[in-house]
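Pasting input00.cif here (mmCIF, C-alpha atoms):
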```cif
data_target
loop_
_atom_site.label_atom_id
_atom_site.label_comp_id
_atom_site.auth_asym_id
_atom_site.auth_seq_id
_atom_site.Cartn_x
_atom_site.Cartn_y
_atom_site.Cartn_z
CA MET O 371 -72.65 67.20 3.69
CA LEU O 372 -71.27 63.68 3.94
CA PRO O 373 -69.52 62.41 0.84
CA VAL O 374 -71.04 59.42 -0.91
CA PHE O 375 -68.56 56.57 -0.82
CA ILE O 376 -70.71 53.92 -2.47
CA ILE O 377 -72.23 54.48 -5.88
CA VAL O 378 -74.62 51.76 -7.02
CA ARG O 379 -75.09 51.61 -10.77
CA PHE O 380 -77.70 49.70 -12.73
CA LEU O 381 -74.94 47.40 -14.02
CA ASP O 382 -73.93 46.59 -10.43
CA ILE O 383 -77.49 45.48 -9.63
CA LEU O 384 -77.59 43.47 -12.86
CA ASP O 385 -74.24 41.90 -11.98
CA ILE O 386 -75.53 40.80 -8.55
CA LEU O 387 -78.74 39.37 -10.03
CA LEU O 388 -76.84 37.42 -12.69
CA VAL O 389 -74.44 35.95 -10.13
CA ALA O 390 -77.38 35.02 -7.88
CA PHE O 391 -79.14 33.36 -10.81
CA LEU O 392 -75.98 31.46 -11.75
CA LEU O 393 -75.46 30.23 -8.18
CA TYR O 394 -79.11 29.16 -8.00
CA GLN O 395 -78.79 27.18 -11.25
CA ILE O 396 -75.63 25.51 -9.93
CA TYR O 397 -77.50 24.60 -6.75
CA ILE O 398 -80.42 23.12 -8.72
CA MET O 399 -77.99 21.17 -10.90
CA ILE O 400 -76.07 19.55 -8.02
CA LYS O 401 -78.87 19.33 -5.44
CA GLY O 402 -79.25 15.83 -4.05
CA THR O 403 -75.88 14.62 -5.34
CA VAL O 404 -72.49 14.05 -3.72
CA ALA O 405 -71.31 17.16 -5.56
CA THR O 406 -73.26 19.30 -3.06
CA ASN O 407 -70.93 18.31 -0.20
CA ILE O 408 -67.86 18.83 -2.39
CA PHE O 409 -69.07 22.29 -3.40
CA ILE O 410 -69.67 23.22 0.27
CA GLY O 411 -66.16 22.01 1.14
CA ILE O 412 -64.53 24.08 -1.62
CA PHE O 413 -66.61 27.14 -0.71
CA SER O 414 -65.60 26.74 2.96
CA ILE O 415 -61.90 26.73 2.02
CA TYR O 416 -62.39 29.87 -0.06
CA LEU O 417 -64.25 31.61 2.79
CA MET O 418 -61.51 30.63 5.26
CA TRP O 419 -58.91 32.00 2.86
CA LEU O 420 -60.70 35.36 2.77
CA ILE O 421 -60.80 35.48 6.59
CA VAL O 422 -57.13 34.63 7.16
CA LYS O 423 -56.16 37.05 4.41
CA ALA O 424 -58.13 39.83 6.09
CA LEU O 425 -56.44 38.97 9.43
CA ASN O 426 -53.04 39.08 7.69
CA MET O 427 -52.11 35.52 8.73
CA GLN O 428 -49.35 35.00 6.20
CA LEU O 429 -48.66 31.27 6.56
CA LEU O 430 -52.30 30.15 6.36
CA THR O 431 -52.94 32.64 3.58
CA THR O 432 -50.13 31.11 1.52
CA ILE O 433 -51.29 27.53 2.13
CA LEU O 434 -54.97 28.18 1.46
CA GLY O 435 -54.05 30.43 -1.46
CA GLY O 436 -52.50 27.41 -3.15
CA PHE O 437 -55.82 25.56 -2.92
CA VAL O 438 -57.75 28.57 -4.17
CA GLY O 439 -55.30 29.14 -7.03
CA GLY O 440 -55.91 25.65 -8.39
CA GLY O 441 -59.58 25.79 -7.54
CA ILE O 442 -60.79 26.27 -11.11
CA ILE O 443 -58.97 23.17 -12.33
CA ALA O 444 -60.20 21.21 -9.31
CA LEU O 445 -63.79 22.29 -9.99
CA ILE O 446 -63.56 21.20 -13.62
CA ILE O 447 -62.21 17.78 -12.61
CA VAL O 448 -64.64 17.18 -9.75
CA PHE O 449 -67.73 18.54 -11.50
CA GLN O 450 -67.00 17.35 -15.03
CA GLN O 451 -70.27 15.41 -15.31
CA GLU O 452 -72.35 18.31 -13.96
CA ILE O 453 -70.56 20.83 -16.22
CA ARG O 454 -71.13 18.56 -19.22
CA ARG O 455 -74.81 18.21 -18.34
CA PHE O 456 -75.12 22.01 -17.93
CA LEU O 457 -73.48 22.71 -21.30
CA LEU O 458 -75.69 20.10 -22.98
CA PHE O 459 -78.72 21.75 -21.39
CA ILE O 460 -77.69 25.13 -22.80
CA GLY O 461 -76.91 23.73 -26.24
CA SER O 462 -80.16 21.79 -26.47
CA SER O 463 -82.43 24.55 -25.15
CA GLU O 464 -85.34 24.99 -27.51
CA ASN O 465 -85.60 28.69 -26.80
CA ILE O 466 -81.93 29.30 -27.57
CA ASN O 467 -82.07 27.14 -30.69
CA LYS O 468 -85.09 29.00 -32.01
CA LYS O 469 -83.70 32.41 -31.17
CA PHE O 470 -80.30 31.87 -32.76
CA SER O 471 -81.49 29.43 -35.47
CA PHE O 472 -79.05 26.70 -34.43
CA ASN O 473 -81.34 24.12 -35.99
CA ARG O 474 -81.00 25.78 -39.36
CA LEU O 475 -77.24 25.74 -39.11
CA PHE O 476 -76.76 22.17 -37.96
CA THR O 477 -79.76 20.14 -39.12
CA LEU O 478 -80.12 21.04 -42.80
CA ASN O 479 -79.23 17.49 -43.91
CA PHE O 480 -80.89 15.72 -41.01
CA GLN O 481 -83.53 13.24 -42.11
CA THR O 482 -86.24 12.64 -39.56
CA THR O 483 -87.68 9.20 -38.79
CA SER O 484 -90.33 8.37 -41.41
CA ASP O 485 -93.87 7.11 -40.81
CA GLN O 486 -92.89 3.76 -42.35
CA SER O 487 -89.99 3.43 -39.90
CA ILE O 488 -92.26 4.35 -36.99
CA THR O 489 -94.65 1.58 -38.07
CA SER O 490 -91.75 -0.91 -38.10
CA ILE O 491 -90.53 0.23 -34.68
CA VAL O 492 -94.00 -0.07 -33.14
CA LYS O 493 -94.56 -3.50 -34.70
CA ALA O 494 -91.21 -4.72 -33.35
CA CYS O 495 -91.99 -3.33 -29.89
CA GLU O 496 -95.40 -5.01 -29.93
CA ASP O 497 -93.89 -8.39 -30.81
CA MET O 498 -91.08 -8.03 -28.27
CA SER O 499 -93.57 -6.96 -25.62
CA LYS O 500 -95.58 -10.14 -26.14
CA GLY O 501 -92.42 -12.26 -25.88
CA LYS O 502 -90.99 -10.19 -22.99
CA VAL O 503 -87.85 -9.39 -24.92
CA GLY O 504 -86.02 -6.38 -23.50
CA ALA O 505 -85.24 -3.52 -25.89
CA LEU O 506 -83.75 -0.05 -25.80
CA ILE O 507 -84.29 2.03 -28.95
CA VAL O 508 -82.80 5.54 -29.15
CA LEU O 509 -84.16 7.88 -31.81
CA SER O 510 -82.24 11.06 -32.49
CA THR O 511 -84.32 14.14 -33.29
CA LYS O 512 -81.67 16.74 -34.17
CA SER O 513 -78.15 15.60 -33.26
CA GLU O 514 -75.86 12.76 -34.34
CA LEU O 515 -75.13 11.34 -30.87
CA ARG O 516 -71.63 10.44 -32.04
CA THR O 517 -70.32 10.03 -28.49
CA PHE O 518 -72.86 7.29 -27.85
CA TYR O 519 -73.07 5.39 -31.15
CA GLU O 520 -69.29 5.06 -31.27
CA THR O 521 -69.50 2.84 -28.17
CA GLY O 522 -71.39 0.20 -30.18
CA ASP O 523 -71.16 -1.67 -33.47
CA ILE O 524 -71.88 0.42 -36.57
CA ILE O 525 -74.66 -1.03 -38.73
CA ASN O 526 -76.08 1.74 -40.98
CA ALA O 527 -79.08 -0.42 -41.90
CA ASP O 528 -82.61 0.37 -43.00
CA ILE O 529 -85.22 0.14 -40.27
CA SER O 530 -87.44 -2.96 -40.27
CA ASN O 531 -89.33 -4.75 -37.54
CA ARG O 532 -87.60 -8.07 -38.35
CA LEU O 533 -84.15 -6.56 -38.04
CA LEU O 534 -85.04 -4.87 -34.74
CA GLU O 535 -86.41 -8.12 -33.34
CA ASN O 536 -83.33 -10.04 -34.49
CA ILE O 537 -81.00 -7.52 -32.86
CA PHE O 538 -82.77 -7.77 -29.48
CA PHE O 539 -83.27 -11.54 -29.65
CA LYS O 540 -81.85 -12.95 -26.41
CA ASN O 541 -79.21 -15.10 -28.12
CA SER O 542 -78.12 -12.35 -30.51
CA PRO O 543 -74.59 -10.99 -29.92
CA LEU O 544 -75.99 -7.45 -30.40
CA HIS O 545 -78.92 -7.64 -27.99
CA ASP O 546 -77.09 -6.27 -24.95
CA GLY O 547 -77.25 -2.47 -25.00
CA ALA O 548 -79.16 0.07 -27.07
CA ILE O 549 -79.61 0.67 -30.76
CA ILE O 550 -79.36 4.24 -32.01
CA ILE O 551 -81.44 5.45 -34.96
CA ILE O 552 -80.13 8.51 -36.80
CA ASN O 553 -81.20 9.93 -40.16
CA ASN O 554 -83.88 7.24 -40.50
CA LYS O 555 -81.24 4.49 -40.27
CA ILE O 556 -80.16 2.07 -37.58
CA LYS O 557 -76.77 3.66 -37.02
CA ALA O 558 -75.38 1.28 -34.39
CA ALA O 559 -76.30 -1.51 -31.99
CA ARG O 560 -74.93 -2.68 -28.64
CA CYS O 561 -74.39 0.95 -27.62
CA VAL O 562 -73.58 1.95 -24.06
CA LEU O 563 -75.76 4.69 -22.58
CA PRO O 564 -74.88 6.90 -19.59
CA ILE O 565 -76.26 6.03 -16.16
CA ASN O 566 -77.30 8.83 -13.81
CA ASP O 567 -77.48 7.36 -10.30
CA SER O 568 -79.16 10.48 -8.89
CA LEU O 569 -82.39 9.88 -10.84
CA LYS O 570 -85.30 8.88 -8.63
CA LEU O 571 -87.22 6.05 -10.27
CA SER O 572 -89.84 3.60 -9.13
CA PRO O 573 -88.37 0.31 -7.85
CA ARG O 574 -90.44 -1.42 -10.54
CA LEU O 575 -88.35 0.20 -13.26
CA GLY O 576 -85.01 -1.34 -14.23
CA MET O 577 -81.68 -0.23 -15.67
CA ARG O 578 -83.09 0.21 -19.19
CA HIS O 579 -85.46 2.91 -17.94
CA ARG O 580 -82.69 4.58 -15.94
CA ALA O 581 -80.34 4.55 -18.94
CA ALA O 582 -83.11 5.95 -21.17
CA LEU O 583 -83.85 8.86 -18.83
CA SER O 584 -80.14 9.51 -18.27
CA LEU O 585 -79.68 9.93 -22.03
CA THR O 586 -82.81 12.02 -22.63
CA ASN O 587 -81.82 14.32 -19.77
CA GLU O 588 -78.53 15.05 -21.54
CA THR O 589 -79.60 15.09 -25.20
CA ASP O 590 -82.54 15.88 -27.48
CA ALA O 591 -83.05 12.20 -28.29
CA VAL O 592 -86.14 10.16 -27.38
CA VAL O 593 -86.05 6.53 -26.27
CA VAL O 594 -88.47 3.61 -26.54
CA ILE O 595 -88.08 0.90 -23.90
CA VAL O 596 -89.49 -2.62 -23.74
CA SER O 597 -89.25 -4.20 -20.30
CA GLU O 598 -87.84 -7.71 -20.17
CA GLU O 599 -89.56 -8.37 -16.83
CA THR O 600 -93.09 -7.13 -17.60
CA GLY O 601 -93.17 -6.62 -21.36
CA ASN O 602 -94.43 -3.07 -20.83
CA ILE O 603 -93.59 -0.46 -23.46
CA SER O 604 -92.34 2.96 -22.28
CA PHE O 605 -91.31 6.24 -23.89
CA ALA O 606 -88.73 8.66 -22.50
CA LYS O 607 -88.21 12.29 -23.46
CA GLY O 608 -86.38 14.90 -21.39
CA ASN O 609 -87.07 14.01 -17.75
CA LYS O 610 -90.48 12.50 -18.54
CA LEU O 611 -91.28 8.80 -18.77
CA LYS O 612 -94.55 7.41 -20.11
CA THR O 613 -95.13 3.79 -19.20
CA LYS O 614 -97.53 0.96 -20.07
CA LEU O 615 -98.13 2.22 -23.60
CA THR O 616 -100.27 0.41 -26.12
CA PRO O 617 -98.99 0.08 -29.71
CA ASN O 618 -101.55 2.67 -30.86
CA LYS O 619 -100.48 5.12 -28.16
CA LEU O 620 -96.80 4.63 -29.01
CA THR O 621 -97.56 5.21 -32.70
CA LYS O 622 -99.31 8.50 -31.89
CA ILE O 623 -96.48 9.68 -29.62
CA LEU O 624 -93.76 8.92 -32.19
CA THR O 625 -95.77 10.35 -35.08
CA ASP O 626 -96.43 13.59 -33.20
CA GLU O 627 -92.80 13.79 -32.09
CA PHE O 628 -91.25 13.41 -35.53
CA ASN O 629 -93.89 15.32 -37.47
CA ASP O 630 -93.30 18.31 -35.17
CA ASN O 631 -89.54 17.87 -35.56
CA LYS O 632 -89.89 17.71 -39.37
CA GLU O 633 -91.86 20.98 -39.41
CA THR O 634 -89.21 22.63 -37.20
CA ILE O 635 -86.38 21.56 -39.53
CA GLU O 636 -88.25 22.68 -42.67
CA LYS O 637 -88.81 26.12 -41.16
#
```

Re-express the file's structure as structure tokens.
Amino acid sequence: MLPVFIIVRFLDILDILLVAFLLYQIYIMIKGTVATNIFIGIFSIYLMWLIVKALNMQLLTTILGGFVGGGIIALIIVFQQEIRRFLLFIGSSENINKKFSFNRLFTLNFQTTSDQSITSIVKACEDMSKGKVGALIVLSTKSELRTFYETGDIINADISNRLLENIFFKNSPLHDGAIIIINNKIKAARCVLPINDSLKLSPRLGMRHRAALSLTNETDAVVVIVSEETGNISFAKGNKLKTKLTPNKLTKILTDEFNDNKETIEK
């Protein structure tokens, strides 16, 4: 009877499946970006190192081993944006938050945007739409967005349609950039939002829409956009963008969004 040299355990199968799943998620995350070519290059060096090591080619093994040894640090440097996006995706996952009650731990004192504030936001967007005044309004749903509001000027003001319109008035020193609303307050204005160049958008949509989707892809925030070119009102959440909204439609979207968020926090 031949001895059995390979014993496959259930944990070995699980290990292979988890690694395959992880590699697939990495592929989905970097697909269509320059990072794909970099990843292939690093993987090729690692594969070459395995081959020369198996062939006992000492000099090449030593040289390539140096690259492989610092590979983890190189990956962190090269893929810092992708790693950040992946960690944000994990941290903002609704299923994980519900399962481990992260919302209960971190949002006990978080005040959601009120109906009165929503009315003021919609009224301001309606007026700015008529005057074709560009606007970018970020509304946080669960997190403080500290990284982003610290790039602007801190205001900590109550929400009103007149204040919003004054901020985005073309000659206002605060009009360039986004305002961020947190805890039912205008936390900051003239904020800089991230730009993801890999997003595929219609040529009719400008940098405000790209910045809005870049932020909502990375965080749990939602964004209202008023186009300076067309006056159209849009709403961004996650990787979805709703365009050409009427004031009534925007009111319904925001009301549903923050009423659902309020019920989640209270639970």

### Message
Give me, as a PyMOL selection string, all polymer residues having an atom no more than 10 Å from region 412-416 of chain O, counting all atoms listed in the file and skipping those fewer than 2 positions away in the same chain.
### Response
chain O and resi 407-410+418-421+434-435+437-439+441+444-445

### Resolved residues for the PyMOL selection byres ((chain O and resi 533) around 12) as a PyMOL selection string
chain O and resi 487+490-491+493-495+525-532+534-539+542+544-545+549+555-556+559

### Message
I'd like the interatomic distance between CA of Glu588 (chain O) and CA of Asn609 (chain O), to a tenth of an Å.
### Response
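Going from CA of Glu588 (chain O) over to CA of Asn609 (chain O) covers 9.4 Å.
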
#### Entry: Selection near Ser484 (chain O), 8 Å with only C-alpha atoms, sequence-local residues under 3 positions removed, as a ChimeraX atom specification
/O:487-488,554,628

### Explicit residue set for the PyMOL selection byres ((chain O and resi 605) around 6), as a PyMOL selection string
chain O and resi 593-594+604+606+611-612

### Query
Selected by the PyMOL selection byres ((chain O and resi 513) around 8) in the shown coordinates: which residues, as a ChimeraX atom specification?
/O:477,510-512,514-515,590-591

### Task
Find, counting only C-alpha atoms, the residue in O:Leu624, O:Leu583, O:Leu506, O:Val596 that gets nearest to Ile550 (chain O).
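The answer is O:Leu506, which sits nearest to Ile550 (chain O).
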
## Note on the structure
CA of Lys614 (chain O) to CA of Thr521 (chain O) measures 29.2 Å

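Minimum distance to Ile524 (chain O) across O:Ala548, O:Thr589, O:Asp497, O:Ile383 (counting only C-alpha atoms) occurs at O:Ala548.
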
### Task
Would you mind telling me which residue in O:Thr482, O:Ile551, O:Glu598, O:Thr517 lies nearest to Pro564 (chain O) when using only C-alpha atoms?
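Among O:Thr482, O:Ile551, O:Glu598, O:Thr517, it is O:Thr517 that comes nearest to Pro564 (chain O).
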
#### Entry: Counting only C-alpha atoms, the option among O:Ala558, O:Leu509, O:Ser572, O:Gly522 closest to Glu627 (chain O)
O:Leu509

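Straight-line separation from CA of Gly436 (chain O) to CA of Val422 (chain O): 13.4 Å.
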
### Query
Residues at most 9 Å from Asn618 (chain O), counting only C-alpha atoms, excluding those fewer than 4 positions away in the same chain, as a ChimeraX atom specification?
/O:492,622-623

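The shortest atom-to-atom distance to Thr621 (chain O), with all atoms listed in the file taken into account, belongs to O:Thr489 out of O:Thr489, O:Ile603, O:Phe391, O:Phe518.
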
Reconstruct N, CA and C atoms of region 508-532 of chain O; output as an mmCIF file, in the coordinates of the input.
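What ended up in rebuild-v4.cif:
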```cif
data_model
loop_
_atom_site.group_PDB
_atom_site.id
_atom_site.type_symbol
_atom_site.label_atom_id
_atom_site.label_comp_id
_atom_site.auth_asym_id
_atom_site.auth_seq_id
_atom_site.Cartn_x
_atom_site.Cartn_y
_atom_site.Cartn_z
ATOM 1 N N VAL O 508 -83.047 4.095 -29.213
ATOM 2 C CA VAL O 508 -82.800 5.540 -29.150
ATOM 3 C C VAL O 508 -83.060 6.136 -30.527
ATOM 4 N N LEU O 509 -83.872 7.197 -30.552
ATOM 5 C CA LEU O 509 -84.160 7.880 -31.810
ATOM 6 C C LEU O 509 -83.698 9.328 -31.701
ATOM 7 N N SER O 510 -82.734 9.696 -32.509
ATOM 8 C CA SER O 510 -82.240 11.060 -32.490
ATOM 9 C C SER O 510 -83.226 11.988 -33.208
ATOM 10 N N THR O 511 -83.407 13.177 -32.669
ATOM 11 C CA THR O 511 -84.320 14.140 -33.290
ATOM 12 C C THR O 511 -83.583 15.254 -34.032
ATOM 13 N N LYS O 512 -82.400 15.645 -33.523
ATOM 14 C CA LYS O 512 -81.670 16.740 -34.170
ATOM 15 C C LYS O 512 -80.165 16.511 -34.245
ATOM 16 N N SER O 513 -79.611 15.743 -33.322
ATOM 17 C CA SER O 513 -78.150 15.600 -33.260
ATOM 18 C C SER O 513 -77.710 14.186 -33.626
ATOM 19 N N GLU O 514 -76.402 14.029 -33.864
ATOM 20 C CA GLU O 514 -75.860 12.760 -34.340
ATOM 21 C C GLU O 514 -75.526 11.775 -33.228
ATOM 22 N N LEU O 515 -75.433 12.233 -32.006
ATOM 23 C CA LEU O 515 -75.130 11.340 -30.870
ATOM 24 C C LEU O 515 -73.864 10.523 -31.098
ATOM 25 N N ARG O 516 -72.865 11.147 -31.694
ATOM 26 C CA ARG O 516 -71.630 10.440 -32.040
ATOM 27 C C ARG O 516 -70.968 9.813 -30.820
ATOM 28 N N THR O 517 -70.963 10.545 -29.700
ATOM 29 C CA THR O 517 -70.320 10.030 -28.490
ATOM 30 C C THR O 517 -70.894 8.689 -28.074
ATOM 31 N N PHE O 518 -72.183 8.499 -28.317
ATOM 32 C CA PHE O 518 -72.860 7.290 -27.850
ATOM 33 C C PHE O 518 -72.840 6.177 -28.887
ATOM 34 N N TYR O 519 -73.046 6.485 -30.170
ATOM 35 C CA TYR O 519 -73.070 5.390 -31.150
ATOM 36 C C TYR O 519 -71.681 4.807 -31.402
ATOM 37 N N GLU O 520 -70.638 5.582 -31.095
ATOM 38 C CA GLU O 520 -69.290 5.060 -31.270
ATOM 39 C C GLU O 520 -68.931 4.007 -30.218
ATOM 40 N N THR O 521 -69.748 3.883 -29.168
ATOM 41 C CA THR O 521 -69.500 2.840 -28.170
ATOM 42 C C THR O 521 -70.020 1.479 -28.620
ATOM 43 N N GLY O 522 -70.799 1.445 -29.702
ATOM 44 C CA GLY O 522 -71.390 0.200 -30.180
ATOM 45 C C GLY O 522 -70.815 -0.258 -31.500
ATOM 46 N N ASP O 523 -71.554 -1.140 -32.167
ATOM 47 C CA ASP O 523 -71.160 -1.670 -33.470
ATOM 48 C C ASP O 523 -71.952 -0.959 -34.567
ATOM 49 N N ILE O 524 -71.239 -0.342 -35.494
ATOM 50 C CA ILE O 524 -71.880 0.420 -36.570
ATOM 51 C C ILE O 524 -72.599 -0.539 -37.526
ATOM 52 N N ILE O 525 -73.863 -0.196 -37.845
ATOM 53 C CA ILE O 525 -74.660 -1.030 -38.730
ATOM 54 C C ILE O 525 -75.052 -0.277 -40.012
ATOM 55 N N ASN O 526 -75.597 0.940 -39.844
ATOM 56 C CA ASN O 526 -76.080 1.740 -40.980
ATOM 57 C C ASN O 526 -77.077 0.952 -41.843
ATOM 58 N N ALA O 527 -78.098 0.413 -41.195
ATOM 59 C CA ALA O 527 -79.080 -0.420 -41.900
ATOM 60 C C ALA O 527 -80.446 0.261 -41.930
ATOM 61 N N ASP O 528 -81.241 -0.113 -42.926
ATOM 62 C CA ASP O 528 -82.610 0.370 -43.000
ATOM 63 C C ASP O 528 -83.417 -0.203 -41.838
ATOM 64 N N ILE O 529 -84.418 0.549 -41.402
ATOM 65 C CA ILE O 529 -85.220 0.140 -40.270
ATOM 66 C C ILE O 529 -86.307 -0.844 -40.708
ATOM 67 N N SER O 530 -86.369 -1.996 -40.034
ATOM 68 C CA SER O 530 -87.440 -2.960 -40.270
ATOM 69 C C SER O 530 -87.733 -3.665 -38.967
ATOM 70 N N ASN O 531 -88.964 -4.101 -38.795
ATOM 71 C CA ASN O 531 -89.330 -4.750 -37.540
ATOM 72 C C ASN O 531 -88.590 -6.079 -37.366
ATOM 73 N N ARG O 532 -88.324 -6.805 -38.451
ATOM 74 C CA ARG O 532 -87.600 -8.070 -38.350
ATOM 75 C C ARG O 532 -86.161 -7.856 -37.901
#
```
